[in-house]
file query.txt (compact mmCIF, C-alpha atoms and all ligand atoms)
# COMPACT_ATOMS: atom_id res chain seq x y z
CA MET A 1 126.85 79.08 124.94
CA VAL A 2 126.83 81.68 122.15
CA SER A 3 123.59 81.58 120.17
CA MET A 4 123.96 80.89 116.43
CA THR A 5 120.74 82.75 115.73
CA LYS A 6 121.66 86.27 114.76
CA HIS A 7 119.97 89.29 116.28
CA ILE A 8 117.72 91.35 114.07
CA ASP A 9 120.12 94.32 113.96
CA THR A 10 122.82 92.03 112.58
CA ILE A 11 120.37 90.48 110.11
CA ALA A 12 119.44 93.98 108.92
CA VAL A 13 123.09 94.69 108.10
CA HIS A 14 123.83 91.42 106.32
CA ALA A 15 120.53 90.39 104.69
CA GLY A 16 120.64 90.72 100.92
CA ARG A 17 124.43 90.44 100.82
CA GLU A 18 124.77 86.64 101.02
CA ASP A 19 126.28 86.27 97.52
CA PHE A 20 128.44 89.43 97.48
CA GLN A 21 131.69 87.47 97.92
CA GLU A 22 130.78 85.21 95.01
CA LEU A 23 129.75 88.16 92.84
CA GLY A 24 132.79 90.21 93.87
CA VAL A 25 130.72 93.27 94.81
CA HIS A 26 130.23 95.32 97.97
CA SER A 27 126.94 96.99 97.03
CA ALA A 28 123.77 95.47 95.61
CA PRO A 29 123.79 95.01 91.81
CA LEU A 30 121.10 97.20 90.27
CA ASP A 31 119.41 95.65 87.24
CA PHE A 32 117.26 98.03 85.16
CA SER A 33 116.45 95.54 82.37
CA SER A 34 112.85 95.53 81.23
CA THR A 35 113.34 92.33 79.24
CA TYR A 36 115.88 89.48 79.27
CA PRO A 37 117.49 87.34 76.54
CA ILE A 38 115.90 83.91 76.47
CA LYS A 39 118.32 80.95 76.51
CA ASP A 40 116.10 78.69 74.41
CA LEU A 41 112.37 78.47 73.82
CA GLN A 42 111.82 75.39 75.95
CA SER A 43 113.43 76.85 79.11
CA GLY A 44 111.86 80.27 78.42
CA ASN A 45 108.50 78.56 78.24
CA GLU A 46 109.10 76.79 81.54
CA SER A 47 110.28 79.99 83.24
CA ILE A 48 107.28 82.01 82.14
CA GLY A 49 104.95 79.22 83.28
CA GLY A 50 106.62 79.01 86.68
CA LEU A 51 106.57 82.76 87.27
CA ALA A 52 102.94 83.02 86.15
CA ALA A 53 102.06 80.27 88.61
CA GLY A 54 103.48 82.42 91.39
CA ASN A 55 106.97 80.96 91.84
CA ALA A 56 109.46 83.43 93.26
CA THR A 57 112.23 82.66 90.75
CA ALA A 58 112.80 80.89 87.48
CA ASP A 59 115.85 80.13 85.31
CA SER A 60 115.21 83.30 83.37
CA PRO A 61 113.53 86.46 84.73
CA ILE A 62 111.90 86.83 81.23
CA TYR A 63 110.38 90.29 81.73
CA ALA A 64 110.66 92.83 84.55
CA ARG A 65 106.94 92.77 85.41
CA LEU A 66 107.40 89.05 86.16
CA HIS A 67 110.67 89.18 88.08
CA ASN A 68 113.54 91.57 88.79
CA PRO A 69 116.71 90.37 90.53
CA THR A 70 117.28 93.59 92.55
CA VAL A 71 113.68 93.58 93.75
CA TYR A 72 113.94 89.89 94.58
CA ARG A 73 117.11 90.54 96.57
CA TYR A 74 115.21 93.03 98.74
CA GLU A 75 112.22 90.68 99.06
CA CYS A 76 114.46 87.95 100.48
CA ALA A 77 116.18 90.36 102.88
CA PHE A 78 112.85 91.80 104.07
CA ALA A 79 111.40 88.28 104.57
CA LYS A 80 114.25 87.55 107.00
CA LEU A 81 113.33 90.59 109.06
CA GLU A 82 109.64 89.65 109.21
CA ASN A 83 110.56 85.99 109.74
CA ALA A 84 108.30 85.13 106.81
CA ASP A 85 108.47 82.51 104.05
CA ALA A 86 108.30 85.31 101.53
CA GLY A 87 108.30 89.05 100.96
CA ILE A 88 106.55 90.47 97.91
CA ALA A 89 107.47 93.97 96.77
CA PHE A 90 105.21 96.65 95.32
CA ALA A 91 105.38 100.18 93.95
CA SER A 92 103.64 101.57 97.05
CA GLY A 93 101.99 100.52 100.28
CA MET A 94 98.57 100.88 98.66
CA ALA A 95 99.62 98.61 95.78
CA ALA A 96 100.70 96.02 98.38
CA ILE A 97 97.37 96.25 100.24
CA HIS A 98 95.46 96.09 96.95
CA ALA A 99 97.35 92.91 95.99
CA VAL A 100 96.51 91.22 99.30
CA LEU A 101 92.84 92.06 98.76
CA MET A 102 92.88 90.78 95.18
CA SER A 103 94.70 87.60 96.20
CA LEU A 104 91.62 86.74 98.28
CA LYS A 105 89.71 86.53 94.99
CA ILE A 106 92.23 84.11 93.49
CA ARG A 107 92.00 81.95 96.60
CA ALA A 108 88.19 81.97 96.29
CA MET A 109 88.42 80.99 92.61
CA ASP A 110 90.82 78.18 93.53
CA ASP A 111 88.66 76.56 96.17
CA GLY A 112 85.32 77.52 94.62
CA ILE A 113 84.04 79.30 97.73
CA GLU A 114 82.98 82.90 97.15
CA ARG A 115 84.23 85.07 100.01
CA ASN A 116 83.60 88.79 99.63
CA HIS A 117 83.23 89.82 103.24
CA ILE A 118 85.89 91.72 105.17
CA VAL A 119 85.93 92.64 108.86
CA ALA A 120 88.04 95.66 109.78
CA VAL A 121 88.85 97.70 112.87
CA ARG A 122 89.21 101.49 112.70
CA PRO A 123 91.22 103.60 112.61
CA ILE A 124 93.46 102.60 109.76
CA TYR A 125 95.32 104.66 107.17
CA GLY A 126 92.89 106.96 105.29
CA CYS A 127 93.39 105.48 101.82
CA THR A 128 93.01 101.90 103.06
CA ASP A 129 89.79 102.96 104.78
CA HIS A 130 88.56 104.65 101.61
CA LEU A 131 89.56 101.73 99.35
CA LEU A 132 87.50 99.39 101.54
CA CYS A 133 84.53 101.77 101.78
CA SER A 134 84.50 102.63 98.07
CA GLY A 135 83.26 99.19 97.10
CA LEU A 136 85.70 99.37 94.18
CA LEU A 137 87.03 95.87 94.76
CA GLY A 138 83.62 94.34 95.40
CA PHE A 139 84.07 93.58 99.10
CA ASP A 140 81.36 94.02 101.65
CA VAL A 141 83.08 95.51 104.73
CA ASP A 142 81.94 95.45 108.35
CA TRP A 143 83.71 97.95 110.61
CA VAL A 144 83.66 96.64 114.16
CA LYS A 145 85.29 97.18 117.53
CA GLU A 146 88.19 94.99 118.50
CA ASN A 147 86.11 92.75 120.76
CA GLU A 148 83.39 92.25 118.12
CA ILE A 149 85.49 90.37 115.55
CA LYS A 150 84.34 86.90 116.55
CA ASP A 151 80.66 87.81 116.11
CA ALA A 152 81.31 89.65 112.86
CA VAL A 153 83.13 86.77 111.13
CA ARG A 154 80.86 84.86 108.70
CA ALA A 155 81.22 81.81 106.47
CA ASP A 156 82.06 84.14 103.57
CA THR A 157 84.58 86.30 105.47
CA ALA A 158 87.79 86.52 103.47
CA LEU A 159 89.94 88.67 105.74
CA VAL A 160 90.23 90.55 109.02
CA ILE A 161 92.14 93.84 108.80
CA ILE A 162 93.84 95.70 111.63
CA GLU A 163 96.52 98.33 111.96
CA THR A 164 98.55 98.56 115.18
CA PRO A 165 99.77 101.07 116.23
CA ALA A 166 97.02 102.67 114.18
CA ASN A 167 97.36 105.69 111.96
CA PRO A 168 96.83 108.38 113.21
CA THR A 169 95.61 107.82 116.79
CA LEU A 170 98.32 105.31 117.78
CA SER A 171 95.65 103.06 119.29
CA LEU A 172 96.82 99.50 119.82
CA VAL A 173 95.09 96.26 118.88
CA ASP A 174 95.85 92.91 120.51
CA ILE A 175 97.09 90.90 117.51
CA ALA A 176 97.00 87.45 119.17
CA ASP A 177 93.47 88.07 120.41
CA ILE A 178 92.28 89.14 116.95
CA VAL A 179 93.85 86.04 115.41
CA ALA A 180 92.04 83.88 117.97
CA GLN A 181 88.72 85.63 117.29
CA ALA A 182 89.21 85.32 113.51
CA GLY A 183 89.57 81.52 113.74
CA LYS A 184 90.37 80.19 110.27
CA VAL A 185 90.00 83.58 108.59
CA PRO A 186 93.36 85.17 107.67
CA VAL A 187 94.35 88.36 109.48
CA MET A 188 96.21 91.22 107.81
CA VAL A 189 98.18 93.56 110.06
CA ASP A 190 99.47 96.87 108.74
CA ASN A 191 102.86 96.87 110.46
CA THR A 192 104.08 100.18 108.98
CA PHE A 193 104.23 102.12 112.26
CA ALA A 194 105.95 99.35 114.22
CA THR A 195 108.38 98.10 111.54
CA PRO A 196 109.67 94.50 111.74
CA LEU A 197 112.04 95.74 114.45
CA LEU A 198 109.32 96.44 117.00
CA GLN A 199 106.56 93.95 116.12
CA SER A 200 106.26 90.57 114.37
CA PRO A 201 102.62 90.00 113.39
CA LEU A 202 103.29 86.65 111.69
CA ALA A 203 104.81 85.24 114.89
CA LEU A 204 101.54 86.20 116.62
CA GLY A 205 99.50 84.23 114.07
CA ALA A 206 98.67 86.86 111.45
CA THR A 207 98.76 85.67 107.83
CA PHE A 208 99.89 88.96 106.28
CA ALA A 209 102.08 91.80 107.55
CA VAL A 210 101.93 94.74 105.15
CA HIS A 211 104.08 97.85 105.05
CA SER A 212 104.18 101.18 103.42
CA ALA A 213 107.92 100.78 102.80
CA THR A 214 107.79 104.46 101.85
CA LYS A 215 108.07 105.07 105.62
CA TYR A 216 110.70 103.59 107.98
CA LEU A 217 111.93 100.88 105.61
CA GLY A 218 112.88 103.56 103.07
CA GLY A 219 113.64 105.94 105.88
CA HIS A 220 114.90 108.99 103.99
CA GLY A 221 111.77 110.37 102.32
CA ASP A 222 113.01 109.42 98.85
CA VAL A 223 111.30 106.17 97.91
CA MET A 224 107.72 104.97 97.34
CA ALA A 225 107.35 101.26 98.05
CA GLY A 226 105.16 98.61 99.67
CA MET A 227 105.84 95.16 101.08
CA VAL A 228 103.83 92.09 102.01
CA ALA A 229 105.20 89.35 104.28
CA THR A 230 103.32 86.05 104.25
CA ASN A 231 103.57 82.29 103.85
CA GLU A 232 104.55 80.67 100.54
CA SER A 233 101.05 79.57 99.61
CA TRP A 234 99.61 83.12 99.83
CA ALA A 235 102.77 84.59 98.34
CA ALA A 236 102.15 82.64 95.12
CA HIS A 237 98.68 84.23 94.77
CA ILE A 238 100.05 87.68 95.52
CA ARG A 239 102.78 87.32 92.90
CA GLN A 240 100.12 86.28 90.38
CA ILE A 241 98.19 89.47 91.15
CA ARG A 242 101.36 91.52 90.77
CA ILE A 243 102.04 90.02 87.35
CA LEU A 244 98.46 90.64 86.21
CA THR A 245 98.05 94.16 87.56
CA GLY A 246 101.65 95.37 87.27
CA GLY A 247 102.17 97.02 90.64
CA ASN A 248 105.83 95.94 90.94
CA MET A 249 108.42 97.85 92.86
CA HIS A 250 110.92 99.67 90.65
CA PRO A 251 114.48 98.26 90.90
CA MET A 252 115.78 101.68 91.97
CA ALA A 253 113.36 101.61 94.91
CA ALA A 254 114.60 98.13 95.82
CA PHE A 255 118.20 99.38 95.67
CA LEU A 256 117.36 102.30 97.97
CA LEU A 257 115.57 99.96 100.38
CA LEU A 258 118.59 97.64 100.44
CA ARG A 259 120.76 100.70 101.09
CA SER A 260 118.48 101.74 103.99
CA LEU A 261 118.23 98.32 105.59
CA PRO A 262 121.45 98.25 107.67
CA THR A 263 120.56 101.55 109.41
CA LEU A 264 116.89 100.64 110.02
CA PRO A 265 117.47 99.40 113.61
CA MET A 266 119.49 102.50 114.54
CA ARG A 267 116.98 104.88 112.97
CA VAL A 268 114.02 103.17 114.62
CA GLU A 269 115.72 103.15 118.02
CA ARG A 270 116.92 106.76 117.90
CA ALA A 271 113.58 108.13 116.67
CA GLN A 272 111.82 106.13 119.38
CA GLN A 273 114.07 107.56 122.11
CA ASN A 274 113.28 111.03 120.82
CA ALA A 275 109.55 110.28 120.76
CA ILE A 276 109.56 108.97 124.35
CA TYR A 277 111.28 112.18 125.44
CA LEU A 278 108.93 114.45 123.50
CA ALA A 279 105.73 112.62 124.50
CA GLU A 280 106.44 113.27 128.18
CA LYS A 281 107.18 116.94 127.57
CA LEU A 282 104.07 117.35 125.42
CA ASP A 283 101.97 115.63 128.07
CA ALA A 284 102.94 118.32 130.56
CA HIS A 285 102.42 121.28 128.21
CA PRO A 286 99.30 123.43 128.75
CA ALA A 287 98.70 123.95 125.00
CA VAL A 288 98.25 120.19 124.59
CA SER A 289 95.03 118.70 125.94
CA LYS A 290 95.87 115.08 125.13
CA VAL A 291 98.85 113.04 123.98
CA HIS A 292 98.39 109.76 122.15
CA PHE A 293 101.56 107.68 122.35
CA PRO A 294 101.79 103.96 123.15
CA GLY A 295 104.75 104.66 125.45
CA LEU A 296 102.55 106.55 127.92
CA THR A 297 100.93 104.23 130.46
CA ALA A 298 97.59 106.01 130.11
CA CYS A 299 97.53 105.18 126.38
CA ASP A 300 98.26 101.49 126.87
CA PRO A 301 96.15 100.31 129.83
CA ARG A 302 96.30 96.69 128.65
CA GLY A 303 100.09 96.64 128.47
CA LEU A 304 100.11 95.76 124.77
CA VAL A 305 103.50 97.36 124.11
CA ALA A 306 105.04 94.93 126.58
CA LYS A 307 102.92 92.05 125.28
CA GLN A 308 103.51 92.32 121.55
CA MET A 309 106.04 95.07 120.80
CA LYS A 310 109.66 95.85 121.54
CA GLY A 311 108.90 99.56 121.96
CA PRO A 312 106.25 102.21 121.30
CA GLY A 313 107.68 103.53 118.01
CA SER A 314 108.12 107.16 117.09
CA VAL A 315 104.78 108.59 115.99
CA ILE A 316 102.87 110.79 118.44
CA ALA A 317 99.42 112.35 118.07
CA ILE A 318 98.50 115.39 120.13
CA GLU A 319 95.22 117.21 120.65
CA MET A 320 95.52 120.97 120.93
CA ALA A 321 93.72 122.74 123.78
CA GLY A 322 93.13 125.68 121.41
CA GLY A 323 91.20 123.52 118.93
CA TYR A 324 91.50 123.48 115.13
CA ASP A 325 92.99 126.97 114.88
CA ALA A 326 95.79 126.16 117.31
CA ALA A 327 96.50 122.93 115.41
CA ALA A 328 96.58 124.67 112.02
CA SER A 329 98.84 127.39 113.34
CA THR A 330 101.23 125.12 115.29
CA MET A 331 101.73 122.96 112.21
CA MET A 332 102.98 125.94 110.23
CA ARG A 333 105.09 127.44 113.05
CA THR A 334 107.60 124.61 113.55
CA LYS A 335 110.96 124.98 111.83
CA LEU A 336 112.52 121.52 112.22
CA PHE A 337 109.26 119.55 112.02
CA VAL A 338 108.38 119.82 108.34
CA PRO A 339 104.66 120.33 107.61
CA ALA A 340 104.18 117.23 105.47
CA VAL A 341 102.30 113.93 105.36
CA SER A 342 104.26 110.64 105.59
CA LEU A 343 106.48 109.45 108.42
CA GLY A 344 109.48 107.28 109.18
CA SER A 345 112.02 109.59 107.62
CA THR A 346 115.25 110.82 109.22
CA ASP A 347 113.67 114.26 109.60
CA SER A 348 110.62 115.03 111.74
CA LEU A 349 107.27 115.75 110.09
CA ILE A 350 104.04 117.29 111.37
CA GLU A 351 100.58 117.02 109.81
CA HIS A 352 96.85 117.39 110.49
CA PRO A 353 95.21 113.96 109.98
CA ALA A 354 91.57 115.14 109.73
CA GLY A 355 92.51 117.64 107.04
CA LEU A 356 95.16 115.61 105.20
CA THR A 357 95.93 111.88 105.57
CA HIS A 358 92.42 111.02 106.79
CA ASN A 359 90.53 113.71 104.92
CA ILE A 360 89.19 111.04 102.59
CA VAL A 361 87.60 109.10 105.48
CA ALA A 362 83.89 109.72 106.09
CA GLU A 363 83.36 112.36 108.78
CA ASP A 364 81.36 110.11 111.11
CA ALA A 365 84.02 107.39 110.80
CA ARG A 366 86.73 109.92 111.63
CA GLU A 367 84.81 111.11 114.68
CA SER A 368 83.96 107.64 115.98
CA SER A 369 87.59 106.56 115.71
CA GLY A 370 88.92 109.61 117.53
CA ILE A 371 90.43 111.57 114.62
CA THR A 372 89.55 115.02 115.89
CA GLU A 373 89.82 118.47 114.30
CA ASN A 374 92.33 119.56 116.95
CA MET A 375 94.69 116.62 116.37
CA LEU A 376 98.22 116.86 114.98
CA ARG A 377 100.38 113.88 114.10
CA LEU A 378 104.09 114.14 114.80
CA ALA A 379 106.41 111.75 112.98
CA VAL A 380 109.54 112.06 115.07
CA GLY A 381 112.89 111.84 113.29
CA ILE A 382 116.45 111.28 114.41
CA GLU A 383 117.50 114.88 115.14
CA ASN A 384 118.72 115.94 118.60
CA GLN A 385 115.87 115.60 121.10
CA ASP A 386 116.46 118.98 122.76
CA ASP A 387 116.41 120.74 119.39
CA LEU A 388 113.15 118.99 118.56
CA TRP A 389 111.60 120.00 121.87
CA ALA A 390 112.78 123.61 121.48
CA ASP A 391 111.16 123.63 118.03
CA LEU A 392 107.84 122.31 119.34
CA GLU A 393 107.84 124.47 122.44
CA ALA A 394 108.31 127.60 120.34
CA ALA A 395 105.49 126.58 118.00
CA LEU A 396 102.85 125.37 120.49
CA ILE A 397 100.11 127.92 121.13
C1 LIG A 401 99.89 102.82 107.91
C2 LIG A 401 99.95 103.05 106.44
N1 LIG A 401 99.65 102.04 105.60
C3 LIG A 401 99.68 102.20 104.27
C4 LIG A 401 100.01 103.41 103.70
C5 LIG A 401 100.04 103.56 102.20
O1 LIG A 401 101.36 103.53 101.78
P1 LIG A 401 101.89 104.28 100.45
O2 LIG A 401 101.71 105.75 100.67
O3 LIG A 401 103.31 103.83 100.37
O4 LIG A 401 101.06 103.78 99.33
C6 LIG A 401 100.34 104.48 104.53
C7 LIG A 401 100.71 105.79 103.95
O5 LIG A 401 100.82 106.77 104.64
C8 LIG A 401 100.30 104.31 105.93
O6 LIG A 401 100.60 105.30 106.78
call {"tool": "encode", "arguments": {"input": "query.txt", "output": "structure tokens"}}
result
Amino acid sequence: MVSMTKHIDTIAVHAGREDFQELGVHSAPLDFSSTYPIKDLQSGNESIGGLAAGNATADSPIYARLHNPTVYRYECAFAKLENADAGIAFASGMAAIHAVLMSLKIRAMDDGIERNHIVAVRPIYGCTDHLLCSGLLGFDVDWVKENEIKDAVRADTALVIIETPANPTLSLVDIADIVAQAGKVPVMVDNTFATPLLQSPLALGATFAVHSATKYLGGHGDVMAGMVATNESWAAHIRQIRILTGGNMHPMAAFLLLRSLPTLPMRVERAQQNAIYLAEKLDAHPAVSKVHFPGLTACDPRGLVAKQMKGPGSVIAIEMAGGYDAAASTMMRTKLFVPAVSLGSTDSLIEHPAGLTHNIVAEDARESSGITENMLRLAVGIENQDDLWADLEAALI
């Protein structure tokens, strides 16, 4: 029998287009309005109340900080990919992570239980690490190893944070095990590196999947955006935070994300094929002392790719046998790999995590989580694999 459930690559093509026939359009309508005419005061009043309470829609959008139809269109499409009740869109990945953290405070105000403790596993993206360590948001953070979560969770623990595959070392964390250790405490998984195509944290019991949509979801290096996938009850809190702090996604970003969505599966698959090819070549190259890539058996002794992912993704970290100098020089010698932070674009990028993306992380934290001075991070794009290898081979010293 033919299954009526569509595959994710079909969903990616059709999500966000459900009303196109009715609207008579073939591309997503882009609404730049900052404010909206109100039909009458009574319904305007009800709409503003509903949106402020965290509802996803109302009869009138009222004001673009409260609701934008193009952004909402992308949120609904994205939620289908993450198999979530709701997607909530932000101006950047950091704005999305900030909103999840602040929503914990609303939840605490709602049920009258103060919870300011967070348990987190390193490594994670440098700015997330720094935001947590800075104390700016008033959380007390315990950094623990993966198998120490259960002991670290307290009565006032608000959240457990993990990133898998982790930026920049590509280390993997067992999501289902973390959820089990966390018990009733919600778990947030940064799913940026995996994308909804390769990993579904909510299906494994996580409460939040967050993304820097600037990466694969945008996919062309031309949009800053962040997404949260969660259940409807948390989504309402997160929308309230977005209204109060104003970190909304711009409608143009939502349009670009809708435009990128149909090709996401192809881009993810092609970049991954390239990365698998390059990781093996790099592993055999004398200038490289270590390759970190979930697709190599040595990097995934617990078989987590098979357990919780559909593939290893397309980011590789390498350690240079020639140390920092070799890393600094290799990064500037590639011609196709652009020396730049970020990842998930059609073109390949190369960067030095200790000096750039994770420069803001305390030195001892960098060292203990394996972010070494001789490490380079390769964000593999969709170019021809032999051209990419020729580029790296010529640059490696
Ligand atoms: C894994 C991960 N999470 C979050 C972020 C932050 O996203 P943004 O730069 O869109 O704010 C990044 C950025 O590089 C990232 O790599």
call {"tool": "axis_aligned_box", "arguments": {"input": "query.txt", "around": "segment 180-191 of chain A", "padding_each_side": "3 Å", "output": "JSON"}}
result
{"center_x": 95.8, "center_y": 88.5, "center_z": 112.8, "size_x": 20.1, "size_y": 22.7, "size_z": 16.3}
call {"tool": "residues_near_ligand", "arguments": {"input": "query.txt", "ligand": "ligand LIG 401 (chain A)", "cutoff": "8 Å", "atoms": "only C-alpha atoms and all ligand atoms", "output": "VMD selection string"}}
result
chain A and resid 91 to 97 124 to 128 163 166 to 167 190 to 193 210 to 215 224 to 226 341 to 343 357
call {"tool": "closest_atom_pairs", "arguments": {"input": "query.txt", "of": "segment 253-365 of chain A", "to": "segment 71-78 of chain A", "cutoff": "8 Å", "atoms": "all atoms listed in the file", "output": "Markdown table"}}
result
| residue | atom | partner | partner_atom | distance |
| --- | --- | --- | --- | --- |
| A:Ala254 | CA | A:Val71 | CA | 5.1 |
| A:Phe255 | CA | A:Val71 | CA | 7.6 |
| A:Leu257 | CA | A:Tyr74 | CA | 7.1 |
| A:Leu258 | CA | A:Tyr74 | CA | 6.0 |
call {"tool": "closest_residue", "arguments": {"input": "query.txt", "among": "A:Ala279, A:Leu202, A:Ile350, A:Val189", "to": "Ala86 of chain A", "atoms": "only C-alpha atoms"}}
result
A:Leu202
call {"tool": "closest_residue", "arguments": {"input": "query.txt", "among": "A:Gly370, A:Pro301, A:Pro251, A:Gly295", "to": "Pro29 of chain A", "atoms": "all atoms listed in the file"}}
result
A:Pro251
call {"tool": "atom_distance", "arguments": {"input": "query.txt", "atom1": "atom CA of Thr372 of chain A", "atom2": "atom CA of Val223 of chain A"}}
result
29.6 Å
call {"tool": "closest_residue", "arguments": {"input": "query.txt", "among": "A:Leu244, A:Val228, A:Ala176, A:Ala253", "to": "Ala203 of chain A", "atoms": "only C-alpha atoms"}}
result
A:Ala176
call {"tool": "closest_residue", "arguments": {"input": "query.txt", "among": "A:Ala155, A:Ala58, A:Leu51, A:Leu378", "to": "Ile113 of chain A", "atoms": "only C-alpha atoms"}}
result
A:Ala155
call {"tool": "residues_around", "arguments": {"input": "query.txt", "residues": "Ser103 of chain A", "least_positions_apart": "3", "cutoff": "6 Å", "atoms": "all atoms listed in the file", "output": "JSON, numbers by chain"}}
result
{"A": [99, 100, 106, 237, 238]}
call {"tool": "residues_around", "arguments": {"input": "query.txt", "residues": "Leu349 of chain A", "least_positions_apart": "2", "cutoff": "7 Å", "atoms": "all atoms listed in the file", "output": "ChimeraX atom specification"}}
result
/A:337-340,343,347,351,378-380
call {"tool": "write_last_selection", "arguments": {"input": "query.txt", "atoms": "C-alpha atoms", "output": "short mmCIF file (atom, residue, chain, number, x, y, z; two decimals), keeping the file's coordinate frame"}}
result
data_model
loop_
_atom_site.label_atom_id
_atom_site.label_comp_id
_atom_site.auth_asym_id
_atom_site.auth_seq_id
_atom_site.Cartn_x
_atom_site.Cartn_y
_atom_site.Cartn_z
CA PHE A 337 109.26 119.55 112.02
CA VAL A 338 108.38 119.82 108.34
CA PRO A 339 104.66 120.33 107.61
CA ALA A 340 104.18 117.23 105.47
CA LEU A 343 106.48 109.45 108.42
CA ASP A 347 113.67 114.26 109.60
CA GLU A 351 100.58 117.02 109.81
CA LEU A 378 104.09 114.14 114.80
CA ALA A 379 106.41 111.75 112.98
CA VAL A 380 109.54 112.06 115.07
#
call {"tool": "atom_distance", "arguments": {"input": "query.txt", "atom1": "atom CA of Lys184 of chain A", "atom2": "atom CA of Glu82 of chain A"}}
result
21.5 Å
call {"tool": "residues_around", "arguments": {"input": "query.txt", "residues": "Asp386 of chain A", "least_positions_apart": "4", "cutoff": "12 Å", "atoms": "all atoms listed in the file", "output": "list in words"}}
result
Gln273, Asn274, Ala275, Tyr277, Leu278, Lys281, Leu336, Ile382, Ala390, Asp391, Leu392 and Glu393 of chain A
